[in-house]
Each structure stands twice: as C-alpha cells, then as structure tokens.
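Okay, data_31.tsv now, which holds TSV, C-alpha atoms:
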```tsv
chain	number	residue	atom	x	y	z
A	972	MET	CA	6.76	-8.12	11.92
A	973	ILE	CA	3.02	-7.57	12.28
A	974	GLU	CA	1.30	-8.96	9.20
A	975	ILE	CA	-2.50	-8.97	9.05
A	976	LYS	CA	-3.76	-11.57	6.62
A	977	LYS	CA	-7.41	-11.65	7.75
A	978	GLU	CA	-9.66	-8.94	9.17
A	979	ASP	CA	-10.16	-10.83	12.46
A	980	GLU	CA	-6.41	-10.99	13.21
A	981	CYS	CA	-6.24	-7.46	14.66
A	982	CYS	CA	-8.29	-5.89	17.46
A	983	GLY	CA	-7.03	-2.35	16.75
A	984	CYS	CA	-5.51	-1.72	20.19
A	985	SER	CA	-2.50	0.02	18.54
A	986	ALA	CA	0.03	-1.50	20.98
A	987	CYS	CA	2.25	-2.51	18.05
A	988	VAL	CA	2.23	1.02	16.63
A	989	GLN	CA	3.15	2.63	19.95
A	990	LYS	CA	5.75	-0.01	20.83
A	991	CYS	CA	7.73	-0.03	17.57
A	992	PRO	CA	11.20	1.42	18.41
A	993	LEU	CA	11.71	2.61	14.82
A	994	HIS	CA	8.20	4.09	14.42
A	995	CYS	CA	7.71	2.21	11.19
A	996	ILE	CA	4.07	1.20	11.78
A	997	ASP	CA	1.11	3.43	10.94
A	998	LEU	CA	-2.61	2.84	11.30
A	999	LYS	CA	-4.79	2.92	8.21
A	1000	SER	CA	-8.56	2.63	7.94
A	1001	ASN	CA	-10.00	-0.35	6.06
A	1002	TYR	CA	-13.23	-0.43	4.06
A	1003	GLU	CA	-15.23	-0.99	7.26
A	1004	GLY	CA	-13.76	2.09	8.93
A	1005	PHE	CA	-11.55	0.26	11.42
A	1006	LEU	CA	-7.85	1.00	11.90
A	1007	TYR	CA	-5.24	-1.63	11.03
A	1008	PRO	CA	-1.42	-1.49	11.22
A	1009	SER	CA	0.60	-0.90	8.08
A	1010	VAL	CA	4.36	-1.55	8.22
A	1011	ASP	CA	6.97	0.46	6.33
A	1012	LEU	CA	9.07	-2.47	5.08
A	1013	GLN	CA	12.03	-0.22	4.25
A	1014	LYS	CA	12.36	0.80	7.91
A	1015	CYS	CA	11.39	-2.51	9.57
A	1016	VAL	CA	14.30	-4.62	10.91
A	1017	ASN	CA	12.13	-7.60	11.97
A	1018	CYS	CA	12.83	-7.16	15.68
A	1019	ASN	CA	9.36	-8.65	16.38
A	1020	ILE	CA	8.77	-6.28	19.30
A	1021	CYS	CA	5.44	-5.45	17.66
A	1022	GLU	CA	4.34	-9.10	17.69
A	1023	ALA	CA	5.25	-9.44	21.35
A	1024	SER	CA	2.83	-6.61	22.16
A	1025	CYS	CA	-0.11	-8.03	20.19
A	1026	PRO	CA	-3.07	-9.32	22.29
A	1027	ILE	CA	-4.25	-11.50	19.41
A	1028	LYS	CA	-0.94	-13.36	19.31
A	1029	ASN	CA	-0.37	-13.36	23.09
A	1030	VAL	CA	-3.55	-14.45	24.84
A	1031	GLY	CA	-3.72	-13.86	28.58
A	1032	THR	CA	-4.58	-16.27	31.40
A	1033	SER	CA	-8.17	-16.32	32.63
A	1034	ALA	CA	-8.71	-14.86	36.08
A	1035	ILE	CA	-10.78	-16.51	38.80
A	1036	PRO	CA	-12.92	-13.78	40.37
A	1037	LEU	CA	-11.99	-13.06	43.97
A	1038	LYS	CA	-15.33	-11.42	44.68
A	1039	THR	CA	-18.28	-9.98	42.81
A	1040	LEU	CA	-19.94	-6.79	43.99
A	1041	ALA	CA	-23.06	-4.81	43.15
A	1042	PHE	CA	-23.03	-1.05	43.42
A	1043	LYS	CA	-25.49	1.84	43.16
A	1044	HIS	CA	-24.04	5.33	43.53
A	1045	PRO	CA	-25.90	7.18	46.31
A	1046	ASP	CA	-25.97	10.35	44.19
A	1047	LEU	CA	-28.88	9.86	41.79
A	1048	GLU	CA	-27.49	12.44	39.38
A	1049	VAL	CA	-24.21	10.51	39.06
A	1050	ARG	CA	-26.20	7.31	38.52
A	1051	ARG	CA	-28.38	9.00	35.91
A	1052	CYS	CA	-25.32	10.04	33.89
A	1053	SER	CA	-23.64	6.64	34.23
A	1054	THR	CA	-24.08	3.55	32.10
A	1055	SER	CA	-25.36	1.50	35.00
A	1056	GLY	CA	-24.73	2.18	38.71
A	1057	GLY	CA	-21.74	4.53	38.62
A	1058	VAL	CA	-18.98	2.22	39.87
A	1059	PHE	CA	-16.42	3.71	37.47
A	1060	SER	CA	-16.98	7.13	39.04
A	1061	VAL	CA	-16.10	6.01	42.58
A	1062	ILE	CA	-12.95	4.20	41.47
A	1063	ALA	CA	-11.86	7.18	39.39
A	1064	GLU	CA	-12.67	9.53	42.27
A	1065	ARG	CA	-10.38	7.57	44.57
A	1066	ILE	CA	-7.54	7.54	42.02
A	1067	LEU	CA	-7.81	11.30	41.44
A	1068	SER	CA	-7.95	12.02	45.18
A	1069	LEU	CA	-4.53	10.36	45.42
A	1070	GLY	CA	-3.12	12.68	42.75
A	1071	GLY	CA	-3.48	10.07	40.03
A	1072	ILE	CA	-4.38	10.05	36.33
A	1073	VAL	CA	-7.48	8.44	34.78
A	1074	PHE	CA	-7.63	7.22	31.16
A	1075	GLY	CA	-10.79	6.34	29.30
A	1076	ALA	CA	-12.92	6.75	26.18
A	1077	MET	CA	-14.27	10.22	25.49
A	1078	PHE	CA	-15.62	12.38	22.67
A	1079	ASP	CA	-13.39	14.87	20.92
A	1080	GLU	CA	-14.66	18.24	19.65
A	1081	ASN	CA	-16.11	16.56	16.54
A	1082	TRP	CA	-17.83	13.75	18.51
A	1083	ASN	CA	-15.35	11.11	17.42
A	1084	VAL	CA	-14.51	8.63	20.18
A	1085	ILE	CA	-10.89	8.77	21.36
A	1086	HIS	CA	-8.92	7.68	24.40
A	1087	GLY	CA	-7.79	10.49	26.65
A	1088	TYR	CA	-6.97	11.24	30.27
A	1089	ILE	CA	-8.01	13.55	33.10
A	1090	GLU	CA	-6.36	14.77	36.28
A	1091	ASP	CA	-9.31	16.53	37.93
A	1092	TYR	CA	-12.62	15.05	39.12
A	1093	LYS	CA	-14.56	17.94	37.54
A	1094	ASP	CA	-13.71	16.39	34.15
A	1095	ILE	CA	-15.01	12.90	34.94
A	1096	ASP	CA	-18.24	13.53	33.01
A	1097	LYS	CA	-16.16	13.07	29.84
A	1098	PHE	CA	-15.83	9.36	30.66
A	1099	ARG	CA	-19.29	8.61	32.05
A	1100	GLY	CA	-21.63	6.64	29.84
A	1101	SER	CA	-20.83	3.99	27.25
A	1102	LYS	CA	-19.48	5.03	23.85
A	1103	TYR	CA	-20.64	2.41	21.36
A	1104	VAL	CA	-17.78	3.10	18.95
A	1105	GLN	CA	-14.21	1.77	18.91
A	1106	SER	CA	-12.01	4.48	20.41
A	1107	VAL	CA	-8.87	5.75	18.68
A	1108	MET	CA	-5.99	5.12	21.11
A	1109	GLY	CA	-3.51	7.72	19.85
A	1110	ASN	CA	-0.44	7.61	22.11
A	1111	SER	CA	-2.35	6.62	25.27
A	1112	PHE	CA	-0.09	3.66	26.09
A	1113	VAL	CA	3.01	5.85	25.77
A	1114	LEU	CA	1.47	8.39	28.13
A	1115	VAL	CA	0.45	5.73	30.64
A	1116	GLU	CA	4.04	4.50	30.73
A	1117	LYS	CA	5.33	8.05	31.09
A	1118	PHE	CA	3.08	8.78	34.08
A	1119	LEU	CA	3.93	5.45	35.72
A	1120	LYS	CA	7.67	6.13	35.40
A	1121	GLU	CA	7.06	9.49	37.05
A	1122	GLY	CA	5.58	7.64	40.01
A	1123	LYS	CA	1.97	8.60	39.30
A	1124	ILE	CA	-0.97	6.35	40.14
A	1125	VAL	CA	-2.81	5.53	36.92
A	1126	LEU	CA	-6.25	4.09	36.22
A	1127	PHE	CA	-6.66	2.82	32.67
A	1128	SER	CA	-10.18	1.92	31.57
A	1129	GLY	CA	-11.00	0.36	28.24
A	1130	THR	CA	-12.15	-2.74	26.41
A	1131	PRO	CA	-10.56	-6.07	27.46
A	1132	CYS	CA	-8.38	-6.12	24.32
A	1133	GLN	CA	-7.20	-2.56	24.99
A	1134	VAL	CA	-6.26	-3.48	28.56
A	1135	ARG	CA	-4.45	-6.58	27.33
A	1136	GLY	CA	-2.65	-4.47	24.70
A	1137	LEU	CA	-1.53	-2.00	27.37
A	1138	LYS	CA	-0.22	-4.78	29.60
A	1139	LEU	CA	1.81	-6.25	26.73
A	1140	PHE	CA	3.03	-2.81	25.68
A	1141	LEU	CA	4.36	-2.11	29.18
A	1142	GLY	CA	5.98	-5.54	29.43
A	1143	LYS	CA	6.16	-5.37	33.23
A	1144	ASP	CA	3.88	-4.96	36.21
A	1145	TYR	CA	3.49	-1.61	37.94
A	1146	GLU	CA	2.11	-1.64	41.48
A	1147	HIS	CA	0.54	1.79	40.96
A	1148	LEU	CA	-1.26	0.87	37.72
A	1149	TYR	CA	-4.92	-0.12	38.00
A	1150	CYS	CA	-6.89	-1.43	35.03
A	1151	LEU	CA	-10.65	-1.55	34.62
A	1152	ASP	CA	-12.31	-3.23	31.65
A	1153	PHE	CA	-15.93	-4.15	31.03
A	1154	VAL	CA	-17.99	-7.01	29.68
A	1155	CYS	CA	-17.80	-6.23	25.97
A	1156	HIS	CA	-19.76	-7.88	23.18
A	1157	GLY	CA	-18.01	-5.95	20.43
A	1158	VAL	CA	-17.06	-2.50	19.11
A	1159	PRO	CA	-18.91	-0.76	16.25
A	1160	SER	CA	-17.22	0.99	13.36
A	1161	PRO	CA	-16.15	4.65	13.78
A	1162	MET	CA	-17.04	5.18	10.12
A	1163	VAL	CA	-20.61	3.97	10.64
A	1164	TRP	CA	-20.92	6.28	13.65
A	1165	LYS	CA	-19.53	9.27	11.71
A	1166	ASN	CA	-21.89	8.72	8.78
A	1167	TYR	CA	-24.87	8.30	11.10
A	1168	LEU	CA	-23.89	11.48	12.96
A	1169	ASP	CA	-23.77	13.32	9.63
A	1170	GLU	CA	-27.33	12.11	8.96
A	1171	LEU	CA	-28.40	13.46	12.34
A	1172	LYS	CA	-26.69	16.79	11.75
A	1173	THR	CA	-28.69	17.19	8.54
A	1174	LYS	CA	-31.91	16.23	10.29
A	1175	LEU	CA	-31.25	18.62	13.19
A	1176	LYS	CA	-29.96	21.36	10.87
A	1177	THR	CA	-26.88	21.95	12.99
A	1178	ASN	CA	-24.78	25.07	12.45
A	1179	GLU	CA	-22.82	27.61	14.49
A	1180	GLN	CA	-26.03	28.66	16.25
A	1181	ASN	CA	-27.33	25.12	16.73
A	1182	LYS	CA	-24.35	23.05	17.85
A	1183	ILE	CA	-24.38	19.55	19.28
A	1184	LYS	CA	-24.13	19.79	23.07
A	1185	ASN	CA	-24.31	16.17	24.16
A	1186	VAL	CA	-24.55	12.61	22.85
A	1187	SER	CA	-25.59	9.63	24.99
A	1188	PHE	CA	-25.79	6.02	23.87
A	1189	ARG	CA	-27.27	4.97	27.23
A	1190	ASP	CA	-29.74	7.69	28.17
A	1191	LYS	CA	-32.08	6.71	31.03
A	1192	THR	CA	-35.06	8.90	30.16
A	1193	TYR	CA	-37.17	5.74	29.85
A	1194	GLY	CA	-35.20	3.80	32.45
A	1195	TRP	CA	-31.99	1.80	32.67
A	1196	SER	CA	-33.52	-1.41	31.31
A	1197	LYS	CA	-34.92	0.38	28.24
A	1198	TYR	CA	-32.09	2.74	27.54
A	1199	SER	CA	-32.14	5.24	24.70
A	1200	PHE	CA	-29.96	7.12	22.26
A	1201	ASP	CA	-30.10	10.84	22.97
A	1202	ILE	CA	-28.55	13.76	21.11
A	1203	LYS	CA	-28.95	17.37	22.22
A	1204	THR	CA	-28.24	20.56	20.33
A	1205	SER	CA	-28.54	24.19	21.37
A	1206	LYS	CA	-32.17	24.23	20.22
A	1207	GLN	CA	-33.56	20.68	20.31
A	1208	ASN	CA	-32.93	17.02	21.03
A	1209	ILE	CA	-33.80	13.54	19.80
A	1210	THR	CA	-34.39	10.66	22.21
A	1211	GLU	CA	-35.02	7.20	20.73
A	1212	THR	CA	-35.32	3.92	22.59
A	1213	LEU	CA	-33.17	0.89	21.94
A	1214	ASP	CA	-35.75	-0.70	19.64
A	1215	ALA	CA	-36.30	2.52	17.67
A	1216	ASN	CA	-32.87	4.03	17.12
A	1217	PRO	CA	-31.13	2.61	14.00
A	1218	PHE	CA	-27.57	2.92	15.32
A	1219	LEU	CA	-28.39	1.13	18.59
A	1220	ARG	CA	-30.38	-1.55	16.75
A	1221	GLY	CA	-27.50	-2.26	14.38
A	1222	PHE	CA	-25.04	-2.42	17.29
A	1223	ILE	CA	-27.17	-4.69	19.47
A	1224	HIS	CA	-27.69	-7.05	16.53
A	1225	ASP	CA	-23.91	-7.15	15.87
A	1226	LEU	CA	-24.27	-5.83	12.34
A	1227	TYR	CA	-21.15	-3.65	12.12
A	1228	LEU	CA	-18.76	-4.90	14.78
A	1229	ARG	CA	-15.03	-5.28	14.24
A	1230	GLN	CA	-14.40	-8.78	12.90
A	1231	SER	CA	-11.92	-9.63	15.68
A	1232	CYS	CA	-14.89	-9.34	18.06
A	1233	ASN	CA	-16.33	-12.47	16.43
A	1234	ASN	CA	-13.37	-14.41	17.80
A	1235	CYS	CA	-12.29	-12.28	20.74
A	1236	LYS	CA	-8.98	-13.28	22.34
A	1237	ALA	CA	-9.63	-11.32	25.55
A	1238	LYS	CA	-12.66	-13.21	26.84
A	1239	ASN	CA	-12.85	-15.22	30.08
A	1240	LEU	CA	-11.48	-12.36	32.20
A	1241	SER	CA	-8.08	-12.83	30.54
A	1242	SER	CA	-7.11	-9.19	29.92
A	1243	GLY	CA	-5.15	-8.83	33.15
A	1244	SER	CA	-7.50	-6.15	34.50
A	1245	ASP	CA	-7.92	-5.58	38.22
A	1246	TRP	CA	-11.66	-5.21	37.77
A	1247	THR	CA	-14.30	-6.00	35.18
A	1248	CYS	CA	-17.50	-3.98	35.33
A	1249	ALA	CA	-20.87	-4.86	33.86
A	1250	ASP	CA	-24.55	-4.09	34.02
A	1251	THR	CA	-26.32	-6.14	36.68
A	1252	TRP	CA	-28.74	-7.56	34.15
A	1253	GLY	CA	-31.22	-9.91	35.79
A	1254	GLY	CA	-30.69	-8.07	39.06
A	1255	ALA	CA	-34.36	-7.16	39.39
A	1256	ILE	CA	-35.07	-10.91	39.47
A	1257	ILE	CA	-32.05	-12.05	41.49
A	1258	TYR	CA	-31.84	-9.10	43.93
A	1259	PRO	CA	-35.22	-7.32	43.75
A	1260	ASP	CA	-34.62	-5.65	47.13
A	1261	TYR	CA	-31.53	-3.88	45.77
A	1262	VAL	CA	-31.70	-3.44	41.99
A	1263	ASP	CA	-34.07	-0.91	40.43
A	1264	ASP	CA	-34.47	0.83	37.08
A	1265	THR	CA	-32.06	3.65	37.90
A	1266	GLY	CA	-29.15	1.30	37.16
A	1267	CYS	CA	-26.89	-1.05	39.08
A	1268	SER	CA	-23.23	-1.89	38.40
A	1269	THR	CA	-21.55	-5.24	38.81
A	1270	LEU	CA	-17.86	-5.12	39.71
A	1271	ILE	CA	-15.90	-8.36	39.28
A	1272	VAL	CA	-12.70	-8.16	41.33
A	1273	ASN	CA	-9.93	-10.06	39.52
A	1274	THR	CA	-6.77	-9.30	41.53
A	1275	ASN	CA	-5.62	-8.91	45.13
A	1276	ARG	CA	-4.48	-5.39	44.30
A	1277	GLY	CA	-7.98	-4.58	43.06
A	1278	SER	CA	-9.50	-6.10	46.18
A	1279	ARG	CA	-7.30	-4.04	48.52
A	1280	PHE	CA	-8.13	-0.88	46.61
A	1281	ILE	CA	-11.90	-1.40	46.80
A	1282	GLU	CA	-11.71	-1.88	50.56
A	1283	LEU	CA	-10.47	1.72	50.81
A	1284	VAL	CA	-13.23	3.20	48.64
A	1285	PRO	CA	-15.64	5.03	51.01
A	1286	TYR	CA	-18.84	3.62	49.53
A	1287	GLN	CA	-21.00	0.59	50.30
A	1288	PHE	CA	-20.93	-2.40	47.98
A	1289	ARG	CA	-23.08	-5.51	48.11
A	1290	THR	CA	-21.55	-8.96	47.63
A	1291	ILE	CA	-23.39	-10.96	44.98
A	1292	ASP	CA	-23.10	-14.36	43.30
A	1293	PHE	CA	-20.77	-14.34	40.27
A	1294	SER	CA	-22.43	-17.36	38.63
A	1295	LYS	CA	-25.85	-15.68	38.74
A	1296	VAL	CA	-24.50	-12.45	37.27
A	1297	ALA	CA	-22.56	-14.35	34.60
A	1298	SER	CA	-25.72	-16.17	33.50
A	1299	TYR	CA	-27.07	-12.78	32.37
A	1300	ASN	CA	-23.74	-11.60	30.91
A	1301	LYS	CA	-22.83	-14.28	28.38
A	1302	SER	CA	-20.31	-11.96	26.74
A	1303	ILE	CA	-17.92	-12.64	29.61
A	1304	TYR	CA	-17.19	-15.94	27.88
A	1305	ILE	CA	-18.78	-16.01	24.44
A	1306	SER	CA	-17.90	-14.06	21.27
A	1307	VAL	CA	-20.76	-13.03	19.02
A	1308	PRO	CA	-20.80	-14.70	15.58
A	1309	LYS	CA	-20.32	-12.60	12.48
A	1310	HIS	CA	-23.69	-11.39	11.29
A	1311	ARG	CA	-24.80	-13.11	8.09
A	1312	PHE	CA	-25.47	-9.70	6.50
A	1313	HIS	CA	-22.25	-8.08	7.74
A	1314	ASP	CA	-20.69	-7.96	4.26
A	1315	PHE	CA	-23.99	-6.93	2.65
A	1316	PHE	CA	-24.24	-4.05	5.12
A	1317	TYR	CA	-20.83	-2.65	4.16
A	1318	LYS	CA	-21.56	-3.10	0.47
A	1319	TYR	CA	-24.44	-0.65	0.72
A	1320	HIS	CA	-23.39	1.47	3.69
A	1321	GLY	CA	-22.94	5.07	2.60
A	1322	LYS	CA	-25.25	4.53	-0.35
A	1323	VAL	CA	-28.39	4.05	1.74
A	1324	LYS	CA	-29.27	5.90	4.93
A	1325	LEU	CA	-28.50	3.89	8.05
A	1326	LYS	CA	-32.10	3.88	9.28
A	1327	TYR	CA	-33.31	2.28	6.03
A	1328	LEU	CA	-30.43	-0.16	5.69
A	1329	VAL	CA	-30.68	-1.44	9.27
A	1330	VAL	CA	-34.46	-1.84	9.10
A	1331	LEU	CA	-34.18	-3.71	5.78
A	1332	ILE	CA	-31.45	-6.10	6.95
A	1333	LEU	CA	-32.95	-6.85	10.34
A	1334	GLY	CA	-36.38	-7.35	8.78
A	1335	VAL	CA	-35.09	-9.83	6.20
A	1336	ASN	CA	-32.99	-11.58	8.83
A	1337	LYS	CA	-36.04	-12.00	11.08
A	1338	ILE	CA	-38.03	-13.57	8.26
A	1339	LEU	CA	-35.18	-15.98	7.47
A	1340	ARG	CA	-34.93	-17.00	11.13
A	1341	ILE	CA	-38.67	-17.66	11.28
A	1342	LEU	CA	-38.29	-19.86	8.21
A	1343	HIS	CA	-35.24	-21.52	9.85
A	1344	LEU	CA	-33.03	-20.45	6.96
```

Represent the structure from my file as structure tokens, please.
Amino acid sequence: MIEIKKEDECCGCSACVQKCPLHCIDLKSNYEGFLYPSVDLQKCVNCNICEASCPIKNVGTSAIPLKTLAFKHPDLEVRRCSTSGGVFSVIAERILSLGGIVFGAMFDENWNVIHGYIEDYKDIDKFRGSKYVQSVMGNSFVLVEKFLKEGKIVLFSGTPCQVRGLKLFLGKDYEHLYCLDFVCHGVPSPMVWKNYLDELKTKLKTNEQNKIKNVSFRDKTYGWSKYSFDIKTSKQNITETLDANPFLRGFIHDLYLRQSCNNCKAKNLSSGSDWTCADTWGGAIIYPDYVDDTGCSTLIVNTNRGSRFIELVPYQFRTIDFSKVASYNKSIYISVPKHRFHDFFYKYHGKVKLKYLVVLILGVNKILRILHL
C-alpha cells in the first residue's frame, strides 16, 4: 500500500492511482498545491501493485548516452515557438506521419497544465514551449496502454519521473512506444501558478471581451538566452524578462518546487526514456558556428530504438560532445536543494501578492548569502 510519510516521498506521477485494480486511490492536493495519493483503506487489499509502479520506490538504471545531437529547426517560426531548437516537433511530426499518437503537457481551457494527446500535426502547437508547472496526468497512462494494445505507435513526452512512472505502470516493454523526457530541475506548484494567473487576470482586466489568448513561459522576444514570460489577451499583452517576472524568478530560484525534486529519483538518465532533450546552454561558446540566439536543442539518445528512429527523421542533426553539454546542464545529475525560505514562502503565499513575496524573499536571501549566513 502506498503510504506517504514525508512530502519528498512522492513525485506526483499518478502511476499508483491509475494502476490500482480496485480504484481505491485518489489524488488530493496538499498545502503546497501538489497532488498526493490518498488510499481508501476499506477498499485496499494490500496487493502492493501500487508500490510496484512507484518511481520513488523503484529507481531505474542510468543510461549511457549512445550519441548526443544538436538541432535547429530550419523553419524559424517553429523555432520561435519552441523552447529551444524545435527537436520535439520533428520527432512528433514523424510519429504522427506514421499514424501515431503524441502525449505531452498542454494548457486546458482555464490555463491549467494537464497531460493530453494529439493525433494530428496541426495540433502540435499545444505542446510546444515549456510549461513551468507540474502537469495533472489524469488517465494518460491508461490511454497510452490502450493505444499500444491497439497497435498504435505512441510518443510519450514528460518529466523524467513521469516517464519512469509510465514505464512501471506498463510493466513491460512495447516496441512501438517511444519516450522523450527533458533535463528537469524541478516542477513548480500548480496552486502558485493559478494564484499568479488570477493576479494577472485582475491586472489585465480580463472578461468575455478580453480573454487570454496565449501564455508562454519561454517567449523569445528578447532572444533565447534571455527568455521571457509572455501573456496575451484579446486587447493587450505583458512581456517580462526572466529577471523581471516574479513567477519565473521564483521558479529559477527553486522557491516553490515539489519537495521530491530536492531528492529526485529519476536523475542520471535513469527514466528509461529513448531520448532526453535539453537546451544547448553554452553552445555559443562551444559551437559558435552553429548555435545562435534563436535557440538550439540538445538531444541525448539513450536507446538503440531511439537511435534507429532518429536516423529516419528527414532533418539534419549535428553530433556534439555529451560531456561539454552536460557541463552546462548540471540538472542531468544533480537535484536542487530545498530553498531555505521554501516553508516561509508557503506560510505567506496567498496572503501577499507573488511579486512582492518573491522580491522580498530573494532580496533577503541575497543579503544572507553576501554575509555568508
């Protein structure tokens, strides 16, 4: 039986909920706004199927990269809408051209982040761009299994712990399942995002005539290396750089991440994914003839299946040095520590506007660091 004694013992992948044969596990939000499993003890028969599907309790084996590739999509518009170079788009395009299904994180009609799927390339915009919020999985794993059993090719994209959770949920390998994760330093709280969005709605005076049209956590108005938060409504928009937007600042400084991210069990390329994608940070120094400020993806190929697939993708990739890329992507291996003001933040979150609370905490923290305290 799944029993969570500490906040860092659950990554929220929901594999246990979807796997339970008696449907006796529900997800409930904790005080930080993250979902955790709650077991109906009257229904539970202690079969331990839930524990067998838990990525915290069943850590994967680290992969040794077969190759590391850099990629820039030749279509500048696709690259502009993508987090980095658009590598997800070309993999998804290939899957869909074969009649497959693509799963990923997307916004729902209320701008909550959920996991969903598409069957047509015209819908791929829903998945482009990072969503700096933990996605709600719903019954995604169940649907993946359903499509696989129907003989469909499936691409599942998500955080490393979500990919690991899916693999454990399925309990077997499927030749026509492809998994793509990314170098993840942690997932922010859906509650923090919702409250911040409410602040923005008030500021923008949204209504039926002035609806939100788009949200981007990685807008490239000022370039890929200095990305921005951008929100557009029918009448106006706000674009704020990484060092100015309160939500991005709090995220980058690890202020409201899920506590399991402070001791992530899916590091070291251990999720079982076929590929791991990342920003090619440092690329302008390492590969100045190739990387520019429109964005460049790194694709780490972890499996032979992933390698064979990429060889059939009709785009040009550039082979690069994994060790050099990894030196600029420490989150491949290292979990971020819990922020010293994490608990203080949640004590006052909802009582003080995010922009004031983040500025206060980060300002005090900077002073303490200068004083070596």

Query raised in the report: So which one's closest to A:Gly1071, A:Pro1259, A:Gly1122, A:Pro1159, A:Gly1321? Using all atoms listed in the file, please.
Result: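 Among A:Pro1259, A:Gly1122, A:Pro1159, A:Gly1321, it is A:Gly1122 that comes nearest to A:Gly1071.
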
Query raised in the report: In terms of the shortest atom-to-atom distance over only C-alpha atoms, which of A:His1147, A:Lys1309, A:Tyr1304, A:Gln1230 is closest to A:Arg1276?
Result: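 Under the stated criterion, the closest residue is A:His1147.
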
Query raised in the report: Skipping near chain neighbours, those fewer than 2 positions away, what residues fall within 8 Å of A:Val1154 using only C-alpha atoms, listed as a VMD selection string?
Result: chain A and resid 1130 to 1131 1152 1156 1247 to 1249 1300 1302 to 1303

Requested in this report: Between atom CA of A:Cys1025 and atom CA of A:Leu1139, measure the distance and give it in Å to one decimal.
Outcome: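 Atom CA of A:Leu1139 lies at a distance of 7.0 Å from atom CA of A:Cys1025.
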
Query raised in the report: Do you know which residues are at most 7 Å from A:Ile1202 counting only C-alpha atoms, after dropping those on the same chain fewer than 6 positions away, and could you put them as a VMD selection string?
Result: chain A and resid 1185 to 1187 1208 to 1210

Query - Among listed residues A:Phe1222, A:Phe1112, A:Gly1057, A:Gln1013, nearest A:Cys984 (using all atoms listed in the file) - result: A:Phe1112

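Between A:Arg1065 and the residues A:Val1016, A:Asp1091, A:Phe1153, A:His1310, the shortest atom-to-atom distance, using all atoms listed in the file, involves A:Asp1091.
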
Would you kindly place all heavy atoms on stretch 1057-1063 of chain A and return the model as a PDB file, keeping the file's coordinate frame?
```
ATOM      1  N   GLY A1057     -22.728   3.501  38.301  1.00  0.00           N
ATOM      2  CA  GLY A1057     -21.740   4.530  38.620  1.00  0.00           C
ATOM      3  C   GLY A1057     -20.492   4.040  39.319  1.00  0.00           C
ATOM      4  O   GLY A1057     -19.795   4.817  39.962  1.00  0.00           O
ATOM      5  N   VAL A1058     -20.159   2.746  39.164  1.00  0.00           N
ATOM      6  CA  VAL A1058     -18.980   2.220  39.870  1.00  0.00           C
ATOM      7  C   VAL A1058     -17.680   2.811  39.331  1.00  0.00           C
ATOM      8  O   VAL A1058     -16.725   3.021  40.086  1.00  0.00           O
ATOM      9  CB  VAL A1058     -18.958   0.675  39.834  1.00  0.00           C
ATOM     10  CG1 VAL A1058     -18.600   0.149  38.444  1.00  0.00           C
ATOM     11  CG2 VAL A1058     -18.010   0.129  40.883  1.00  0.00           C
ATOM     12  N   PHE A1059     -17.625   3.091  38.026  1.00  0.00           N
ATOM     13  CA  PHE A1059     -16.420   3.710  37.470  1.00  0.00           C
ATOM     14  C   PHE A1059     -16.119   5.027  38.178  1.00  0.00           C
ATOM     15  O   PHE A1059     -14.962   5.340  38.482  1.00  0.00           O
ATOM     16  CB  PHE A1059     -16.577   3.945  35.965  1.00  0.00           C
ATOM     17  CG  PHE A1059     -15.535   4.867  35.387  1.00  0.00           C
ATOM     18  CD1 PHE A1059     -14.268   4.393  35.090  1.00  0.00           C
ATOM     19  CD2 PHE A1059     -15.819   6.211  35.180  1.00  0.00           C
ATOM     20  CE1 PHE A1059     -13.295   5.257  34.575  1.00  0.00           C
ATOM     21  CE2 PHE A1059     -14.858   7.073  34.666  1.00  0.00           C
ATOM     22  CZ  PHE A1059     -13.592   6.594  34.366  1.00  0.00           C
ATOM     23  N   SER A1060     -17.161   5.805  38.442  1.00  0.00           N
ATOM     24  CA  SER A1060     -16.980   7.130  39.040  1.00  0.00           C
ATOM     25  C   SER A1060     -16.304   7.059  40.400  1.00  0.00           C
ATOM     26  O   SER A1060     -15.434   7.880  40.717  1.00  0.00           O
ATOM     27  CB  SER A1060     -18.334   7.840  39.171  1.00  0.00           C
ATOM     28  OG  SER A1060     -18.862   8.142  37.901  1.00  0.00           O
ATOM     29  N   VAL A1061     -16.672   6.066  41.233  1.00  0.00           N
ATOM     30  CA  VAL A1061     -16.100   6.010  42.580  1.00  0.00           C
ATOM     31  C   VAL A1061     -14.654   5.523  42.556  1.00  0.00           C
ATOM     32  O   VAL A1061     -13.825   5.954  43.370  1.00  0.00           O
ATOM     33  CB  VAL A1061     -16.959   5.156  43.538  1.00  0.00           C
ATOM     34  CG1 VAL A1061     -18.353   5.743  43.665  1.00  0.00           C
ATOM     35  CG2 VAL A1061     -17.033   3.705  43.106  1.00  0.00           C
ATOM     36  N   ILE A1062     -14.341   4.641  41.610  1.00  0.00           N
ATOM     37  CA  ILE A1062     -12.950   4.200  41.470  1.00  0.00           C
ATOM     38  C   ILE A1062     -12.092   5.347  40.961  1.00  0.00           C
ATOM     39  O   ILE A1062     -11.006   5.623  41.483  1.00  0.00           O
ATOM     40  CB  ILE A1062     -12.857   2.973  40.531  1.00  0.00           C
ATOM     41  CG1 ILE A1062     -13.547   1.761  41.170  1.00  0.00           C
ATOM     42  CG2 ILE A1062     -11.396   2.638  40.218  1.00  0.00           C
ATOM     43  CD1 ILE A1062     -13.628   0.544  40.276  1.00  0.00           C
ATOM     44  N   ALA A1063     -12.593   6.044  39.941  1.00  0.00           N
ATOM     45  CA  ALA A1063     -11.860   7.180  39.390  1.00  0.00           C
ATOM     46  C   ALA A1063     -11.701   8.284  40.436  1.00  0.00           C
ATOM     47  O   ALA A1063     -10.637   8.909  40.534  1.00  0.00           O
ATOM     48  CB  ALA A1063     -12.593   7.723  38.166  1.00  0.00           C
TER      49      ALA A1063
END
```
